[in-house]
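Reading through the structure tokens given below for one structure.
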Amino acid sequence: MCGSHHNVKDGKMERELIFMNLGNQTCKVQRYKCTRCGNVFSADLSSIVEVNRNITKPVIDFILKSYSIGGDSIRKIMHRLKEIHNVDISYQSVENILLGFEYDFNNGFYSLSGYYLFDALWVKINSTWNYLLALFDLQSNTIVSYDLASSESEKSIYKFLSESTYNQDRKYIVTDLKHEYRQPIRKLGFKHQFCVFHTKQKINRDINDYLKQNKLTHEDIESVKTFKHEIFNIMDAPDLETAKINKNKLIKEQKTLPEPIFKILWKFIVPYFKNLTYYIKNTNISRTSNKIENIFQKVFPKHIKRLMKTKTGLINRFKLKLEFWNIKNKNQ
């Protein structure tokens with residue numbers, strides 16, 4: 001176009017558009033002709049529909065928000081559109097909107113806090129297991145880095161954490177108890193806080209396994225449960241000094257401890273005492289990794305994370321969920 005404002009009407013063209021509540025409509029779009037260069041063009045509809053699309057922006061916005069915020073499946077989104085909003089579109093059309101979502105991942109933080117959560121989510125892409133690695137900054141309260149890896153090996157973890165925190169503070173990081181995390185975190189200079197929630201889960205599992213495998217009297221079982229709570233009191237102490245007192249109390253009583261409690265004390269609590277209690281002294285550290293796990297559960301519940309067909313589809317769905325997490329986080 002030459003940029004001239006000397007234009008005359010040049011008839012109308014028909015265009016099929018899909019609107020909320022109105023459904024499929026045949027619209028007549030005004031055409032214009034430039035009297036200077038002869039170029040023919042149509043009225044600008046960019047405020048209501050994107051180029052080369054027939055589904056209008058309110059419908060697309062409804063689909064994106066239903067999936068990201070509401071957690072609806074594609075079929076549920078289709079049903080709600082048809083029954084409530086008179087919009088009848090195909091499964092593939094909804095899928096294409098989700099896969100075509102463009103979100104420039106820029107968390108806007110040039111300097112990270114140095115306090116992090118880290119976790120990996122296993123996902124199946126076209127029948128092959130992959131791992132979505134994610135780093136959560138506790139101060140900005142959002143995921144600040146993520147990547148797909150073919151394995152959850154120490155090498156993959158080290159590479160991801162090294163690149164994600166390049167030229168950033170590496171103070172503390174909270175994870176679950178996976179052994180693959182420990183060496184990379186130590187090599188990179190983080191202080192490693194074990195998730196208290198996962199620690200208690202592991203202790204409960206170990207004790208329950210022991211009770212199932214051994215015939216104990218009622219008194220012995222009650223003794224195990226009592227000492228288990230004393231171990232929990234170490235991690236739940238109001239201050240570090242109390243945690244040390246609780247630990248030392250069990251050490252003094254070690255000769256009377258039930259077998260599973262004795263093993264937990266000397267194979268886990270004593271060697272990893274600092275990893276279990278960093279958060280007690282420093283309130284900037286989270287006691288659990290629950291926040292990042294909550295994001296994972298909202299993005300890919302179990303029935304979804306096995307169904308991904310492409311890496312692009314997986315990443316786009318993740319970015320979509322993350323964008324609305326950040327919008328909600330910003331508003332709060």
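By order in the structure tokens, chains are A, B, ...; within a chain, residues start at 1; ligands start at 1, following the order shown.
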TODO: Pick out the residues sitting within 7 Å of Leu320 (chain A), and hand them over as JSON, numbers by chain; count only C-alpha atoms, and ignore anything fewer than 4 positions along from it in its own chain.
DONE: {"A": [68, 316, 324]}
Selected residues written out, C-alpha atoms, as a short mmCIF file (atom, residue, chain, number, x, y, z; two decimals), in the first residue's frame:
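Below is the file result.cif, written as the result:
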data_model
loop_
_atom_site.label_atom_id
_atom_site.label_comp_id
_atom_site.auth_asym_id
_atom_site.auth_seq_id
_atom_site.Cartn_x
_atom_site.Cartn_y
_atom_site.Cartn_z
CA SER A 68 -5.18 -22.99 32.15
CA ASN A 316 3.04 -24.96 25.07
CA PHE A 324 -1.89 -17.59 34.24
#
TODO: Apply DSSP to the backbone of this structure and, from region 109-217 of chain A, keep only the residues in strand (DSSP E or B); write these as an NGL selection string.
DONE: :A and (115-125 or 128-137 or 142-149 or 172-175 or 191-194)
Task: Residue list (alpha helix (DSSP H), DSSP) for region 15-135 of chain A, as a ChimeraX atom specification - done: /A:57-68,74-85,91-99
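Nearest residue to Val49 (chain A) among A:Met78, A:Ile18, A:Arg170, A:Asn7 is A:Ile18, counting only C-alpha atoms.
In this model, the gap between CA of Asn24 (chain A) and CA of Val51 (chain A) comes to 17.2 Å.
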TODO: Do a neighbour search on Gly23 (chain A) at 7 Å with only C-alpha atoms, toss out local chain neighbours closer than 5 positions, and write the hits as an NGL selection string.
DONE: :A and (18 or 86-88)
Surrounding residues of region 277-284 of chain A excluding itself and chain neighbours under 4 positions, 9 Å, only C-alpha atoms, as a PDB file with all heavy atoms, in the first residue's frame:
ATOM      1  N   TYR A 115      17.262 -18.250  46.600  1.00  0.00           N
ATOM      2  CA  TYR A 115      16.490 -19.241  47.358  1.00  0.00           C
ATOM      3  C   TYR A 115      15.518 -19.928  46.401  1.00  0.00           C
ATOM      4  O   TYR A 115      14.642 -19.273  45.831  1.00  0.00           O
ATOM      5  CB  TYR A 115      15.719 -18.576  48.494  1.00  0.00           C
ATOM      6  CG  TYR A 115      16.607 -17.950  49.552  1.00  0.00           C
ATOM      7  CD1 TYR A 115      17.040 -16.631  49.443  1.00  0.00           C
ATOM      8  CD2 TYR A 115      17.010 -18.685  50.663  1.00  0.00           C
ATOM      9  CE1 TYR A 115      17.856 -16.058  50.411  1.00  0.00           C
ATOM     10  CE2 TYR A 115      17.822 -18.119  51.636  1.00  0.00           C
ATOM     11  CZ  TYR A 115      18.242 -16.820  51.500  1.00  0.00           C
ATOM     12  OH  TYR A 115      19.049 -16.256  52.462  1.00  0.00           O
ATOM     13  N   LEU A 138      11.869 -18.570  45.240  1.00  0.00           N
ATOM     14  CA  LEU A 138      10.971 -18.384  46.377  1.00  0.00           C
ATOM     15  C   LEU A 138      10.566 -16.929  46.582  1.00  0.00           C
ATOM     16  O   LEU A 138       9.490 -16.652  47.106  1.00  0.00           O
ATOM     17  CB  LEU A 138      11.629 -18.930  47.646  1.00  0.00           C
ATOM     18  CG  LEU A 138      11.584 -20.450  47.788  1.00  0.00           C
ATOM     19  CD1 LEU A 138      12.555 -20.931  48.849  1.00  0.00           C
ATOM     20  CD2 LEU A 138      10.166 -20.916  48.113  1.00  0.00           C
ATOM     21  N   GLN A 139      11.409 -15.995  46.168  1.00  0.00           N
ATOM     22  CA  GLN A 139      11.064 -14.590  46.370  1.00  0.00           C
ATOM     23  C   GLN A 139      10.059 -14.120  45.326  1.00  0.00           C
ATOM     24  O   GLN A 139       9.082 -13.452  45.646  1.00  0.00           O
ATOM     25  CB  GLN A 139      12.317 -13.708  46.304  1.00  0.00           C
ATOM     26  CG  GLN A 139      12.025 -12.233  46.556  1.00  0.00           C
ATOM     27  CD  GLN A 139      13.296 -11.395  46.638  1.00  0.00           C
ATOM     28  OE1 GLN A 139      14.311 -11.821  47.156  1.00  0.00           O
ATOM     29  NE2 GLN A 139      13.244 -10.190  46.095  1.00  0.00           N
ATOM     30  N   TYR A 172      20.413 -21.307  48.800  1.00  0.00           N
ATOM     31  CA  TYR A 172      19.740 -22.507  49.296  1.00  0.00           C
ATOM     32  C   TYR A 172      18.799 -23.047  48.231  1.00  0.00           C
ATOM     33  O   TYR A 172      18.228 -22.280  47.445  1.00  0.00           O
ATOM     34  CB  TYR A 172      18.925 -22.208  50.558  1.00  0.00           C
ATOM     35  CG  TYR A 172      19.751 -21.838  51.761  1.00  0.00           C
ATOM     36  CD1 TYR A 172      20.129 -20.517  51.994  1.00  0.00           C
ATOM     37  CD2 TYR A 172      20.143 -22.811  52.689  1.00  0.00           C
ATOM     38  CE1 TYR A 172      20.878 -20.165  53.107  1.00  0.00           C
ATOM     39  CE2 TYR A 172      20.894 -22.463  53.807  1.00  0.00           C
ATOM     40  CZ  TYR A 172      21.258 -21.148  54.004  1.00  0.00           C
ATOM     41  OH  TYR A 172      22.005 -20.809  55.111  1.00  0.00           O
ATOM     42  N   LYS A 191      23.388 -24.691  49.480  1.00  0.00           N
ATOM     43  CA  LYS A 191      23.067 -25.416  50.700  1.00  0.00           C
ATOM     44  C   LYS A 191      21.720 -26.099  50.458  1.00  0.00           C
ATOM     45  O   LYS A 191      20.764 -25.455  50.015  1.00  0.00           O
ATOM     46  CB  LYS A 191      23.011 -24.479  51.907  1.00  0.00           C
ATOM     47  CG  LYS A 191      24.401 -23.946  52.287  1.00  0.00           C
ATOM     48  CD  LYS A 191      24.354 -23.072  53.525  1.00  0.00           C
ATOM     49  CE  LYS A 191      25.757 -22.587  53.897  1.00  0.00           C
ATOM     50  NZ  LYS A 191      25.734 -21.685  55.080  1.00  0.00           N
ATOM     51  N   HIS A 192      21.665 -27.379  50.751  1.00  0.00           N
ATOM     52  CA  HIS A 192      20.567 -28.225  50.302  1.00  0.00           C
ATOM     53  C   HIS A 192      19.612 -28.546  51.448  1.00  0.00           C
ATOM     54  O   HIS A 192      19.959 -29.292  52.358  1.00  0.00           O
ATOM     55  CB  HIS A 192      21.152 -29.515  49.717  1.00  0.00           C
ATOM     56  CG  HIS A 192      20.158 -30.367  49.000  1.00  0.00           C
ATOM     57  ND1 HIS A 192      20.486 -31.583  48.452  1.00  0.00           N
ATOM     58  CD2 HIS A 192      18.828 -30.192  48.743  1.00  0.00           C
ATOM     59  CE1 HIS A 192      19.418 -32.113  47.888  1.00  0.00           C
ATOM     60  NE2 HIS A 192      18.405 -31.296  48.058  1.00  0.00           N
ATOM     61  N   GLN A 193      18.418 -27.981  51.393  1.00  0.00           N
ATOM     62  CA  GLN A 193      17.374 -28.291  52.367  1.00  0.00           C
ATOM     63  C   GLN A 193      16.509 -29.421  51.825  1.00  0.00           C
ATOM     64  O   GLN A 193      15.954 -29.335  50.729  1.00  0.00           O
ATOM     65  CB  GLN A 193      16.499 -27.066  52.629  1.00  0.00           C
ATOM     66  CG  GLN A 193      15.207 -27.341  53.414  1.00  0.00           C
ATOM     67  CD  GLN A 193      15.453 -27.699  54.863  1.00  0.00           C
ATOM     68  OE1 GLN A 193      16.244 -27.058  55.543  1.00  0.00           O
ATOM     69  NE2 GLN A 193      14.775 -28.735  55.339  1.00  0.00           N
ATOM     70  N   PHE A 194      16.393 -30.509  52.589  1.00  0.00           N
ATOM     71  CA  PHE A 194      15.487 -31.589  52.215  1.00  0.00           C
ATOM     72  C   PHE A 194      14.052 -31.195  52.544  1.00  0.00           C
ATOM     73  O   PHE A 194      13.787 -30.634  53.617  1.00  0.00           O
ATOM     74  CB  PHE A 194      15.829 -32.882  52.952  1.00  0.00           C
ATOM     75  CG  PHE A 194      17.143 -33.505  52.553  1.00  0.00           C
ATOM     76  CD1 PHE A 194      17.717 -34.498  53.329  1.00  0.00           C
ATOM     77  CD2 PHE A 194      17.814 -33.104  51.404  1.00  0.00           C
ATOM     78  CE1 PHE A 194      18.922 -35.080  52.968  1.00  0.00           C
ATOM     79  CE2 PHE A 194      19.024 -33.675  51.037  1.00  0.00           C
ATOM     80  CZ  PHE A 194      19.579 -34.673  51.829  1.00  0.00           C
ATOM     81  N   VAL A 196      10.725 -31.325  54.098  1.00  0.00           N
ATOM     82  CA  VAL A 196      10.279 -31.978  55.331  1.00  0.00           C
ATOM     83  C   VAL A 196       9.099 -32.902  55.053  1.00  0.00           C
ATOM     84  O   VAL A 196       8.993 -33.994  55.630  1.00  0.00           O
ATOM     85  CB  VAL A 196       9.921 -30.922  56.398  1.00  0.00           C
ATOM     86  CG1 VAL A 196       9.276 -31.580  57.620  1.00  0.00           C
ATOM     87  CG2 VAL A 196      11.165 -30.147  56.808  1.00  0.00           C
ATOM     88  N   ILE A 234      12.320 -33.213  65.792  1.00  0.00           N
ATOM     89  CA  ILE A 234      13.598 -32.595  65.403  1.00  0.00           C
ATOM     90  C   ILE A 234      13.354 -31.620  64.261  1.00  0.00           C
ATOM     91  O   ILE A 234      13.828 -30.478  64.287  1.00  0.00           O
ATOM     92  CB  ILE A 234      14.613 -33.678  64.982  1.00  0.00           C
ATOM     93  CG1 ILE A 234      14.962 -34.573  66.171  1.00  0.00           C
ATOM     94  CG2 ILE A 234      15.884 -33.036  64.412  1.00  0.00           C
ATOM     95  CD1 ILE A 234      15.810 -35.777  65.802  1.00  0.00           C
ATOM     96  N   MET A 235      12.599 -32.060  63.255  1.00  0.00           N
ATOM     97  CA  MET A 235      12.347 -31.211  62.078  1.00  0.00           C
ATOM     98  C   MET A 235      11.307 -30.134  62.352  1.00  0.00           C
ATOM     99  O   MET A 235      11.286 -29.108  61.669  1.00  0.00           O
ATOM    100  CB  MET A 235      11.887 -32.087  60.908  1.00  0.00           C
ATOM    101  CG  MET A 235      12.959 -33.031  60.394  1.00  0.00           C
ATOM    102  SD  MET A 235      12.334 -34.181  59.157  1.00  0.00           S
ATOM    103  CE  MET A 235      11.501 -35.386  60.208  1.00  0.00           C
ATOM    104  N   ASP A 236      10.465 -30.350  63.346  1.00  0.00           N
ATOM    105  CA  ASP A 236       9.394 -29.390  63.643  1.00  0.00           C
ATOM    106  C   ASP A 236       9.753 -28.430  64.777  1.00  0.00           C
ATOM    107  O   ASP A 236       8.897 -27.673  65.242  1.00  0.00           O
ATOM    108  CB  ASP A 236       8.117 -30.145  64.027  1.00  0.00           C
ATOM    109  CG  ASP A 236       7.562 -30.954  62.868  1.00  0.00           C
ATOM    110  OD1 ASP A 236       7.844 -30.594  61.707  1.00  0.00           O
ATOM    111  OD2 ASP A 236       6.850 -31.952  63.120  1.00  0.00           O
ATOM    112  N   ALA A 237      10.989 -28.480  65.215  1.00  0.00           N
ATOM    113  CA  ALA A 237      11.411 -27.658  66.359  1.00  0.00           C
ATOM    114  C   ALA A 237      11.260 -26.169  66.046  1.00  0.00           C
ATOM    115  O   ALA A 237      11.458 -25.735  64.910  1.00  0.00           O
ATOM    116  CB  ALA A 237      12.859 -27.976  66.721  1.00  0.00           C
ATOM    117  N   PRO A 238      10.930 -25.359  67.051  1.00  0.00           N
ATOM    118  CA  PRO A 238      10.746 -23.918  66.826  1.00  0.00           C
ATOM    119  C   PRO A 238      12.046 -23.169  66.584  1.00  0.00           C
ATOM    120  O   PRO A 238      12.035 -22.068  66.046  1.00  0.00           O
ATOM    121  CB  PRO A 238      10.067 -23.446  68.124  1.00  0.00           C
ATOM    122  CG  PRO A 238      10.509 -24.438  69.150  1.00  0.00           C
ATOM    123  CD  PRO A 238      10.608 -25.748  68.436  1.00  0.00           C
ATOM    124  N   ASP A 239      13.177 -23.769  66.997  1.00  0.00           N
ATOM    125  CA  ASP A 239      14.475 -23.131  66.785  1.00  0.00           C
ATOM    126  C   ASP A 239      15.536 -24.216  66.676  1.00  0.00           C
ATOM    127  O   ASP A 239      15.309 -25.386  67.015  1.00  0.00           O
ATOM    128  CB  ASP A 239      14.811 -22.150  67.906  1.00  0.00           C
ATOM    129  CG  ASP A 239      14.721 -22.790  69.283  1.00  0.00           C
ATOM    130  OD1 ASP A 239      15.568 -23.660  69.588  1.00  0.00           O
ATOM    131  OD2 ASP A 239      13.796 -22.438  70.039  1.00  0.00           O
ATOM    132  N   LEU A 240      16.712 -23.822  66.196  1.00  0.00           N
ATOM    133  CA  LEU A 240      17.778 -24.788  65.933  1.00  0.00           C
ATOM    134  C   LEU A 240      18.280 -25.430  67.219  1.00  0.00           C
ATOM    135  O   LEU A 240      18.609 -26.627  67.237  1.00  0.00           O
ATOM    136  CB  LEU A 240      18.930 -24.108  65.202  1.00  0.00           C
ATOM    137  CG  LEU A 240      20.023 -25.021  64.641  1.00  0.00           C
ATOM    138  CD1 LEU A 240      19.429 -26.037  63.670  1.00  0.00           C
ATOM    139  CD2 LEU A 240      21.097 -24.193  63.944  1.00  0.00           C
ATOM    140  N   ALA A 243      16.045 -28.197  68.170  1.00  0.00           N
ATOM    141  CA  ALA A 243      16.245 -29.324  67.258  1.00  0.00           C
ATOM    142  C   ALA A 243      17.455 -30.150  67.687  1.00  0.00           C
ATOM    143  O   ALA A 243      17.422 -31.389  67.679  1.00  0.00           O
ATOM    144  CB  ALA A 243      16.418 -28.824  65.829  1.00  0.00           C
ATOM    145  N   TYR A 272      22.376 -36.156  58.034  1.00  0.00           N
ATOM    146  CA  TYR A 272      21.771 -35.074  57.243  1.00  0.00           C
ATOM    147  C   TYR A 272      21.040 -34.061  58.130  1.00  0.00           C
ATOM    148  O   TYR A 272      20.092 -33.416  57.670  1.00  0.00           O
ATOM    149  CB  TYR A 272      20.800 -35.675  56.226  1.00  0.00           C
ATOM    150  CG  TYR A 272      21.473 -36.551  55.202  1.00  0.00           C
ATOM    151  CD1 TYR A 272      21.341 -37.940  55.271  1.00  0.00           C
ATOM    152  CD2 TYR A 272      22.256 -36.014  54.190  1.00  0.00           C
ATOM    153  CE1 TYR A 272      21.966 -38.766  54.343  1.00  0.00           C
ATOM    154  CE2 TYR A 272      22.879 -36.821  53.252  1.00  0.00           C
ATOM    155  CZ  TYR A 272      22.735 -38.202  53.344  1.00  0.00           C
ATOM    156  OH  TYR A 272      23.356 -39.012  52.418  1.00  0.00           O
ATOM    157  N   PHE A 273      21.509 -33.907  59.349  1.00  0.00           N
ATOM    158  CA  PHE A 273      20.832 -33.004  60.285  1.00  0.00           C
ATOM    159  C   PHE A 273      20.729 -31.583  59.718  1.00  0.00           C
ATOM    160  O   PHE A 273      19.668 -30.950  59.787  1.00  0.00           O
ATOM    161  CB  PHE A 273      21.569 -32.988  61.625  1.00  0.00           C
ATOM    162  CG  PHE A 273      20.974 -32.047  62.631  1.00  0.00           C
ATOM    163  CD1 PHE A 273      19.800 -32.361  63.296  1.00  0.00           C
ATOM    164  CD2 PHE A 273      21.578 -30.822  62.903  1.00  0.00           C
ATOM    165  CE1 PHE A 273      19.237 -31.494  64.221  1.00  0.00           C
ATOM    166  CE2 PHE A 273      21.031 -29.942  63.829  1.00  0.00           C
ATOM    167  CZ  PHE A 273      19.853 -30.280  64.485  1.00  0.00           C
TER     168      PHE A 273
END
